[in-house]
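Here the structure comes first, spelled out in structure tokens, and everything after it is commentary.
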Amino acid sequence: MNNFTYYNQTRYVFGHGEYNNIGTLLQGKCKKLLLHYGGGSIKRSGLYDAVVKALQDAGIDFIELGGVKPNPCLTLVREGVELCRNSGVDCVLAVGGGSVIDSAKAIATGVVHEGDVWKLYTHEETLTATPLPVATILTLPAAGSENSPNTVISNEETGRKLGYGHELLRPMLSIVSPELFLTLPPEQMAYGACDMLCHIFERYFTNTQDTELTDALCEATMRTIMQQASILRHEPQNEAAWAQLALSGTVAHNNILGLGREQSWTCHALEHELSAVYDVAHGAGLAVIVPAYFDAVWQANPGIFAQWAVNVMGVTPSRNTERVVKEGIQRLRAWYKELGLPQTMQELGIPADADFAAMAHGACSVRAGGLLPGVRVLNVTEAEEVYRACTNSVTA
Ligand code: NZQ
Ligand code: ZN
């Protein structure tokens, strides 16, 4: 196990009806907030009215900015920064999924950063000020942004989608009420479950030794995500299953599962290029990338892949490691298919003659040395091969 420091400032409030307490939970912590949300789901569900009432009852002043799109955009972030600066806002409340929360984190950072907020994402500038505090009410369990220190933003002008991380960007407060997920369409549940699972893959598949505790925590969380998502596929109104999936989603990405482990994030780097260029849902892009990536790298560390196949995918142990690993990957493909997730670039709407070389360059350019880390390090040519493997038809 490697050395590590873990700091997590989020007050995490979980349970039915807890979002009604947003006003009292924020009392004394902010005077005027920006209420930030997406394209309208919170108005249709009645959550918007409940939040406004709770804020008014608590005497918390607010302004609002809606319209965050999936794969949130820099233009709205800049608008939010100006709005906050001109209005004396001292806190940002995100009510939505990962896109709204990430946009809120970007605004909270941009307000205090003297330079250009996008240059934090490109690593051309460093943050020296403390971001405004961010509070969240989660409406979609998926990205884990409710307890992660990360934000991912798309720049419409440059066509890049980049992440930025800072420990102070973990929200000061996140409320997770499972009944808020009952209005989600089935594809968003599937995208979310796929994303959570991949957050664990990025940590679990490592060459770091002596990681038995986090191995076991990862495996339990992966099994829970797969079990609960399969239940929700058939019972979308099962609030108890949503509760288990949502807690798993937070645990999957608050980095408890990654402590002391060398991490990869290669599937995410590859997927963010797809989202940036073709605006596909993050979880859908991951469903296509992950199996092809596993096929490409498992031989670099067959032991960890066989352990996963047996402990998570339920494959019978055998001395024939190759058979065990391939059966595990095949079962993952089958589970993606059961959830209705895409299997190929074509199903994502990405043509076979897409510029995969440019996307491979983009994915590698954000990593140290221009190489994608993991059990096997990938260069640009190898990254392009993974994209091309996703254009082949698969049978699950
Ligand atoms: O905009 P509204 O109308 O709210 O509709 C949203 C949106 O269309 C809808 N939705 C959300 N809650 C709903 C609902 N519809 C009905 N009922 C509800 N309760 O769902 C759609 C998708 O929302 P979005 O926020 O885009 O999805 P998700 O939570 O999956 O977030 C994806 C974004 O997070 C980034 C991804 O790259 C992507 O941009 N990620 C952020 C991470 C982080 N900050 O740590 C890590 C992840 O790996 C990921 O990269
Ligand atoms: Zn993700």
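Identifiers in the structure tokens: chain A, B, ... in order shown; residue index from 1 per chain; ligand index from 1 in order shown.
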Quiz item: Which parts of segment 171-240 of chain A does DSSP call helix (DSSP H, G or I) when run on the backbone here, written out as an MDAnalysis selection string?
Solution: chainID A and resid 178:181 186:204 212:234 239:240
Quiz prompt | Contacts with ligand 2 at most 8 Å, only C-alpha atoms and all ligand atoms counted, listed as a PyMOL selection string | solution = chain A and resi 142-144+195-196+198-199+268+282-283+286
Would you mind exporting N, CA and C atoms of the selected residues as an mmCIF file, in the first residue's frame?
data_model
loop_
_atom_site.group_PDB
_atom_site.id
_atom_site.type_symbol
_atom_site.label_atom_id
_atom_site.label_comp_id
_atom_site.auth_asym_id
_atom_site.auth_seq_id
_atom_site.Cartn_x
_atom_site.Cartn_y
_atom_site.Cartn_z
ATOM 1 N N ALA A 142 -24.827 8.904 -9.663
ATOM 2 C CA ALA A 142 -24.021 8.490 -10.819
ATOM 3 C C ALA A 142 -22.580 8.959 -10.660
ATOM 4 N N ALA A 143 -22.364 10.261 -10.882
ATOM 5 C CA ALA A 143 -21.023 10.819 -11.008
ATOM 6 C C ALA A 143 -20.252 10.837 -9.689
ATOM 7 N N GLY A 144 -20.970 10.833 -8.573
ATOM 8 C CA GLY A 144 -20.291 10.883 -7.279
ATOM 9 C C GLY A 144 -19.798 12.266 -6.910
ATOM 10 N N ASP A 195 -21.365 4.275 -14.583
ATOM 11 C CA ASP A 195 -20.357 5.258 -14.174
ATOM 12 C C ASP A 195 -19.775 4.907 -12.806
ATOM 13 N N MET A 196 -20.665 4.594 -11.853
ATOM 14 C CA MET A 196 -20.189 4.241 -10.499
ATOM 15 C C MET A 196 -19.237 3.047 -10.547
ATOM 16 N N CYS A 198 -17.443 2.033 -12.940
ATOM 17 C CA CYS A 198 -16.158 2.382 -13.550
ATOM 18 C C CYS A 198 -15.286 3.201 -12.587
ATOM 19 N N HIS A 199 -15.921 3.998 -11.710
ATOM 20 C CA HIS A 199 -15.134 4.730 -10.711
ATOM 21 C C HIS A 199 -14.368 3.755 -9.817
ATOM 22 N N HIS A 268 -11.804 6.845 -18.146
ATOM 23 C CA HIS A 268 -12.424 8.171 -18.098
ATOM 24 C C HIS A 268 -11.794 9.131 -19.101
ATOM 25 N N HIS A 282 -22.021 10.261 -20.415
ATOM 26 C CA HIS A 282 -20.773 9.733 -19.868
ATOM 27 C C HIS A 282 -20.863 8.222 -19.604
ATOM 28 N N GLY A 283 -21.931 7.784 -18.954
ATOM 29 C CA GLY A 283 -22.074 6.367 -18.615
ATOM 30 C C GLY A 283 -22.219 5.493 -19.855
ATOM 31 N N LEU A 286 -18.782 5.046 -21.361
ATOM 32 C CA LEU A 286 -17.971 4.111 -20.568
ATOM 33 C C LEU A 286 -18.340 2.656 -20.861
#
Practice problem: Run DSSP on the backbone and give me the residues of segment 83-163 of chain A it puts in strand (DSSP E), as an MDAnalysis selection string. | Solution: chainID A and resid 91:96 134:138 150:155 160:163
Exercise. Identify, on the basis of only C-alpha atoms, every residue whose closest approach to Arg388 of chain A does not exceed 9 Å; exclude the query and any residue fewer than 5 positions from it along the same chain; express the result as JSON, numbers by chain.
Key: {"A": [345, 352, 356, 383]}
Quiz prompt | Contacts of ligand 1, 7 Å or closer, only C-alpha atoms and all ligand atoms, given as a PyMOL selection string | solution = chain A and resi 37-42+67-72+96-100+102+139-145+148-153+180-185+188+191-192+195+199+253+268+272+282-283
Pull N, CA and C atoms from the residues just selected and write them as a short mmCIF file (atom, residue, chain, number, x, y, z; two decimals), in the first residue's frame.
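That gives us out.cif:
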data_model
loop_
_atom_site.label_atom_id
_atom_site.label_comp_id
_atom_site.auth_asym_id
_atom_site.auth_seq_id
_atom_site.Cartn_x
_atom_site.Cartn_y
_atom_site.Cartn_z
N TYR A 37 -29.39 24.88 -11.15
CA TYR A 37 -30.08 23.63 -11.53
C TYR A 37 -30.02 23.43 -13.04
N GLY A 38 -30.65 22.33 -13.49
CA GLY A 38 -30.52 21.93 -14.89
C GLY A 38 -31.66 22.38 -15.76
N GLY A 39 -32.14 21.43 -16.59
CA GLY A 39 -33.09 21.80 -17.64
C GLY A 39 -34.55 21.73 -17.26
N GLY A 40 -34.89 21.46 -16.03
CA GLY A 40 -36.30 21.52 -15.67
C GLY A 40 -36.84 20.34 -14.89
N SER A 41 -36.06 19.25 -14.73
CA SER A 41 -36.61 18.08 -14.02
C SER A 41 -37.00 18.45 -12.58
N ILE A 42 -36.27 19.38 -11.96
CA ILE A 42 -36.61 19.68 -10.55
C ILE A 42 -37.89 20.52 -10.45
N GLY A 67 -30.59 25.86 -16.31
CA GLY A 67 -30.15 25.64 -17.69
C GLY A 67 -28.86 24.86 -17.85
N VAL A 68 -28.37 24.23 -16.77
CA VAL A 68 -27.16 23.39 -16.94
C VAL A 68 -27.53 22.19 -17.82
N LYS A 69 -26.71 21.96 -18.84
CA LYS A 69 -26.95 20.82 -19.74
C LYS A 69 -26.07 19.63 -19.33
N PRO A 70 -26.49 18.40 -19.67
CA PRO A 70 -25.57 17.27 -19.47
C PRO A 70 -24.28 17.54 -20.23
N ASN A 71 -23.13 17.15 -19.68
CA ASN A 71 -21.82 17.60 -20.19
C ASN A 71 -21.78 19.13 -20.07
N PRO A 72 -21.74 19.63 -18.84
CA PRO A 72 -21.95 21.07 -18.59
C PRO A 72 -20.90 21.97 -19.26
N GLY A 96 -29.42 18.90 -8.48
CA GLY A 96 -29.40 18.17 -9.75
C GLY A 96 -28.44 17.00 -9.71
N GLY A 97 -28.04 16.58 -10.92
CA GLY A 97 -27.09 15.47 -11.06
C GLY A 97 -25.66 15.97 -11.13
N GLY A 98 -24.78 15.12 -11.63
CA GLY A 98 -23.36 15.46 -11.67
C GLY A 98 -23.08 16.71 -12.48
N SER A 99 -23.82 16.92 -13.55
CA SER A 99 -23.55 18.09 -14.39
C SER A 99 -23.81 19.39 -13.64
N VAL A 100 -24.93 19.43 -12.91
CA VAL A 100 -25.26 20.65 -12.15
C VAL A 100 -24.23 20.86 -11.04
N ASP A 102 -21.12 19.78 -10.91
CA ASP A 102 -19.82 20.17 -11.48
C ASP A 102 -19.82 21.63 -11.94
N THR A 139 -30.02 14.63 -7.38
CA THR A 139 -31.23 14.08 -8.02
C THR A 139 -30.91 12.90 -8.93
N LEU A 140 -29.64 12.55 -9.06
CA LEU A 140 -29.24 11.44 -9.94
C LEU A 140 -27.98 10.80 -9.37
N PRO A 141 -28.07 9.57 -8.86
CA PRO A 141 -26.86 8.93 -8.33
C PRO A 141 -26.03 8.38 -9.48
N ALA A 142 -24.83 8.90 -9.66
CA ALA A 142 -24.02 8.49 -10.82
C ALA A 142 -22.58 8.96 -10.66
N ALA A 143 -22.36 10.26 -10.88
CA ALA A 143 -21.02 10.82 -11.01
C ALA A 143 -20.25 10.84 -9.69
N GLY A 144 -20.97 10.83 -8.57
CA GLY A 144 -20.29 10.88 -7.28
C GLY A 144 -19.80 12.27 -6.91
N SER A 145 -20.19 13.27 -7.70
CA SER A 145 -19.69 14.63 -7.45
C SER A 145 -20.16 15.18 -6.12
N SER A 148 -17.16 14.17 -4.18
CA SER A 148 -15.83 14.12 -4.80
C SER A 148 -15.22 15.53 -4.84
N PRO A 149 -13.90 15.61 -4.97
CA PRO A 149 -13.25 16.92 -5.08
C PRO A 149 -13.11 17.37 -6.54
N ASN A 150 -13.88 16.75 -7.45
CA ASN A 150 -13.67 16.97 -8.89
C ASN A 150 -14.82 17.70 -9.56
N THR A 151 -14.51 18.34 -10.67
CA THR A 151 -15.51 18.95 -11.54
C THR A 151 -15.04 18.72 -12.98
N VAL A 152 -15.99 18.41 -13.86
CA VAL A 152 -15.66 18.17 -15.27
C VAL A 152 -16.50 19.12 -16.13
N ILE A 153 -15.83 19.91 -16.96
CA ILE A 153 -16.52 20.94 -17.74
C ILE A 153 -16.12 20.83 -19.21
N LEU A 180 -36.07 11.03 -4.53
CA LEU A 180 -35.87 11.99 -5.63
C LEU A 180 -35.46 11.28 -6.92
N PHE A 181 -35.08 10.00 -6.82
CA PHE A 181 -34.60 9.28 -8.02
C PHE A 181 -35.74 8.53 -8.73
N LEU A 182 -36.94 8.56 -8.13
CA LEU A 182 -38.05 7.78 -8.70
C LEU A 182 -38.51 8.33 -10.04
N THR A 183 -38.16 9.58 -10.35
CA THR A 183 -38.59 10.17 -11.63
C THR A 183 -37.56 9.95 -12.74
N LEU A 184 -36.45 9.28 -12.43
CA LEU A 184 -35.40 9.10 -13.45
C LEU A 184 -35.81 8.11 -14.53
N PRO A 185 -35.54 8.41 -15.80
CA PRO A 185 -35.81 7.43 -16.86
C PRO A 185 -34.81 6.28 -16.76
N GLN A 188 -31.05 6.68 -17.60
CA GLN A 188 -30.19 7.44 -16.68
C GLN A 188 -29.75 6.56 -15.51
N TYR A 191 -26.92 4.48 -17.03
CA TYR A 191 -25.70 5.29 -17.20
C TYR A 191 -25.04 5.51 -15.84
N GLY A 192 -25.87 5.79 -14.84
CA GLY A 192 -25.34 6.08 -13.51
C GLY A 192 -24.64 4.88 -12.91
N ASP A 195 -21.37 4.27 -14.58
CA ASP A 195 -20.36 5.26 -14.17
C ASP A 195 -19.77 4.91 -12.81
N HIS A 199 -15.92 4.00 -11.71
CA HIS A 199 -15.13 4.73 -10.71
C HIS A 199 -14.37 3.76 -9.82
N HIS A 253 -16.89 6.92 -5.33
CA HIS A 253 -16.07 8.01 -5.85
C HIS A 253 -15.59 9.01 -4.80
N HIS A 268 -11.80 6.84 -18.15
CA HIS A 268 -12.42 8.17 -18.10
C HIS A 268 -11.79 9.13 -19.10
N HIS A 272 -14.05 10.81 -21.96
CA HIS A 272 -14.31 12.25 -22.00
C HIS A 272 -14.12 12.81 -23.41
N HIS A 282 -22.02 10.26 -20.42
CA HIS A 282 -20.77 9.73 -19.87
C HIS A 282 -20.86 8.22 -19.60
N GLY A 283 -21.93 7.78 -18.95
CA GLY A 283 -22.07 6.37 -18.61
C GLY A 283 -22.22 5.49 -19.85
#
Self-check item: Nearby residues (only C-alpha atoms) at most 12 Å from segment 359-362 of chain A, same-chain spacing under 2 positions excluded, as an NGL selection string
Solution: :A and (122 or 158-162 or 266-267 or 269-278 or 354-357 or 364-367 or 369-372 or 378-388)
Exercise. Extract, using only C-alpha atoms, all DNA, RNA and protein residues at most 7 Å from segment 232-237 of chain A, discarding same-chain residues fewer than 3 positions from it, and format them as a ChimeraX atom specification.
Key: /A:182,186,228-229,241,339
Keeping only C-alpha atoms, write the selected residues to a file as a compact mmCIF listing (two decimals), in the first residue's frame.
# COMPACT_ATOMS: atom_id res chain seq x y z
CA LEU A 182 -38.05 7.78 -8.70
CA PRO A 186 -34.33 3.89 -17.08
CA GLN A 228 -29.32 -2.99 -7.12
CA ALA A 229 -29.20 -1.75 -10.72
CA ALA A 241 -32.89 -0.22 -4.09
CA LEU A 339 -29.30 -2.68 -18.55
Exercise. Using only C-alpha atoms, determine which residues lie at most 7 Å from Tyr19 of chain A, disregarding the query and same-chain residues fewer than 2 positions distant; provide the list as a ChimeraX atom specification.
Key: /A:17,21-22,137,175,177
Quiz item: Got a sec: who's within 10 Å of Glu262 of chain A, counting only C-alpha atoms, leaving out chain neighbours fewer than 6 positions off, as a PyMOL selection string?
Solution: chain A and resi 1-2+202-209+373-375
Self-check item: Option closest in space to Leu132 of chain A, from A:His36, A:Lys105, A:Arg331, A:Lys119 [counting only C-alpha atoms]
Solution: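 The shortest atom-to-atom distance to Leu132 of chain A comes from A:Lys105.
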